[in-house]
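Before any comments, here is the structure.
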Number of protein chains: 2
Amino acid sequence: MALKYSRQRQVIKDFLMTRKDHPTADTVYMNVRNEYPNISLGTVYRNLSLLADIGEIQRLRFDDGVDHFDADTSAHYHFVCTQCGQIIDLKMDSLDHIIDMAEAGFAGEIQGYVTYFHGLCGNCKKVNL
Amino acid sequence: MALKYSRQRQVIKDFLMTRKDHPTADTVYMNVRNEYPNISLGTVYRNLSLLADIGEIQRLRFDDGVDHFDADTSAHYHFVCTQCGQIIDLKMDSLDHIIDMAEAGFAGEIQGYVTYFHGLCGNCKKVNL
DNA sequence: TCCCATAATAGTAATGATTCCTATTTTAAA
DNA sequence: TTTAAAATAGGAATCATTACTATTATGGGA
């Protein structure tokens, strides 16, 4: 139960902190192998899950069916470009008021929400003109 | 390319319209087999995807990693109970204003968003007291 | 510093949802 | 009625993720 340090976990987290593009487990694996050649894919998955569970990173699930990971654990929102697939952080105010909107007239207890936006990113919008 | 009628597709859509609990492809398969014993799972998947693509049903993706389907194509929001897994339709006003919030200061073009809420449903909240 | 219980790993097998493949059947327009 | 195109059944293939297991690494206490 007690967490023990592992160099692999450290390397995974360090790598994720250098990236702002919300990589998948496989991308993390590919890159971390440069520095740690015989790390196993299972170890990458296990540690990404673990880090997400203890709140050190965020697991993101869009509709491409693959998990993405983000070292930025602050509350923020994401945009997914439907053309190039790029995932971009949005600078915008909190949407937490939608919890109150949802809770009005609902018998249960709302503890959180998942929101992301999609459309064309700046580049793809230009190219499509 | 031209769509042709198929009894299987009809049965799938008819079944989905009787349900308000957003079943998965497998649940649709299990149930539809009562009426159509040798329909194949592939046919269920193909038609659910097709119906979603042409907008006759909605495909919903929460974080259980399985696609859910909804015959109600009107804009509405969903709640997922983290305890019992139940998916409930929420009666609430449109959140479309969050598109404007997101678009302010964003270079691309936002075309839509995905939002769902999670927490404890009415029943699980009671049981947990 | 040395033990040693236990956490973590590497490597690989297993899982499970979904998609793909192909021979056969169904649909619907001419 | 003919027939080209669309759809199906059944099963194989895919692919992200998790599980399994023998081995190795970590770290608190003597």
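Simple scheme: letters A, B, ... for chains in structure tokens order, numbers from 1 for residues in each chain, numbers from 1 for ligands in the order shown.
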
>> Using only C-alpha atoms (C1' of nucleotides), I'd like every residue of chain D that has an atom within 10 Å of chain B; please write them out as a list of chain:residue names.
In response: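 Within 10 Å of chain B on chain D, we get D:DA5, D:DA6, D:DA7, D:DT8, D:DA9, D:DG10.
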
>> At a cut-off of 8 Å, which residues of chain C touch chain A? Count only C-alpha atoms (C1' of nucleotides) and give the answer as a ChimeraX atom specification.
In response: /C:7-11

>> Env of DT14 in chain D: 9 Å cut, atoms = only C-alpha atoms (C1' of nucleotides), seq-sep filter 6 positions within chain, self excluded. Answer as a list in words.
In response: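 The neighbour list is DT18, DT19 and DC20 of chain C.
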
> Nearest to chain A: which of B:Ile87, B:Arg61, B:Pro37, B:Ser74 is it, counting only C-alpha atoms?
Replying inline: B:Arg61

>> Give me, as a PyMOL selection string, the residues of chain B that a backbone DSSP run labels strand (DSSP E or B).
In response: chain B and resi 24+58-61+67-70+77-81+87-90+109-120

> Please, what distance in Å, to one decimal, runs between CA of Val114 in chain B and C1' of DT18 in chain D?
Replying inline: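 About the pair CA of Val114 in chain B and C1' of DT18 in chain D: they are 27.4 Å apart.
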
>> Show me, as a PyMOL selection string, the residues of chain A whose atoms get within 7 Å of chain B, using only C-alpha atoms for the distance check.
In response: chain A and resi 61+63+90+92+101-102+107-122+125

> Running DSSP on the backbone, which parts of chain A land in alpha helix (DSSP H), as number ranges by chain?
Replying inline: A: 7-17, 25-35, 41-53, 97-103, 122-127

>> I'd like the interatomic distance between CA of Leu50 in chain B and C1' of DT2 in chain D, to a tenth of an Å.
In response: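 Result for CA of Leu50 in chain B versus C1' of DT2 in chain D: 29.1 Å, one decimal.
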
Neighbours of Glu56 in chain A within 12 Å (only C-alpha atoms (C1' of nucleotides); same-chain residues fewer than 6 positions away dropped), as an mmCIF file with C-alpha atoms, in the first residue's frame?
data_model
loop_
_atom_site.group_PDB
_atom_site.id
_atom_site.type_symbol
_atom_site.label_atom_id
_atom_site.label_comp_id
_atom_site.auth_asym_id
_atom_site.auth_seq_id
_atom_site.Cartn_x
_atom_site.Cartn_y
_atom_site.Cartn_z
ATOM 1 C CA ARG A 9 7.768 6.572 -12.384
ATOM 2 C CA GLN A 10 9.994 9.598 -11.991
ATOM 3 C CA ILE A 12 7.471 9.178 -16.792
ATOM 4 C CA LYS A 13 6.305 12.126 -14.742
ATOM 5 C CA ASP A 14 9.327 14.224 -15.740
ATOM 6 C CA LEU A 16 4.968 14.411 -19.088
ATOM 7 C CA MET A 17 5.821 17.714 -17.458
ATOM 8 C CA ASN A 47 2.312 4.482 -13.521
ATOM 9 C CA LEU A 48 0.174 6.816 -15.587
ATOM 10 C CA SER A 49 -2.889 5.288 -13.955
ATOM 11 C CA LEU A 50 -1.331 5.475 -10.521
ATOM 12 C CA PHE A 69 -2.477 12.464 -20.012
ATOM 13 C CA ASP A 70 -1.754 15.937 -18.745
ATOM 14 C CA ALA A 71 0.754 16.981 -16.086
ATOM 15 C CA ASP A 72 -1.197 20.195 -15.548
ATOM 16 C CA THR A 73 -3.641 19.312 -12.797
ATOM 17 C CA SER A 74 -5.164 22.755 -12.484
#

> What does the distance between CA of Tyr29 in chain B and C1' of DA19 in chain D come to in Å, to one decimal place?
Replying inline: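 Rounded to one decimal, the two atoms are 27.7 Å apart.
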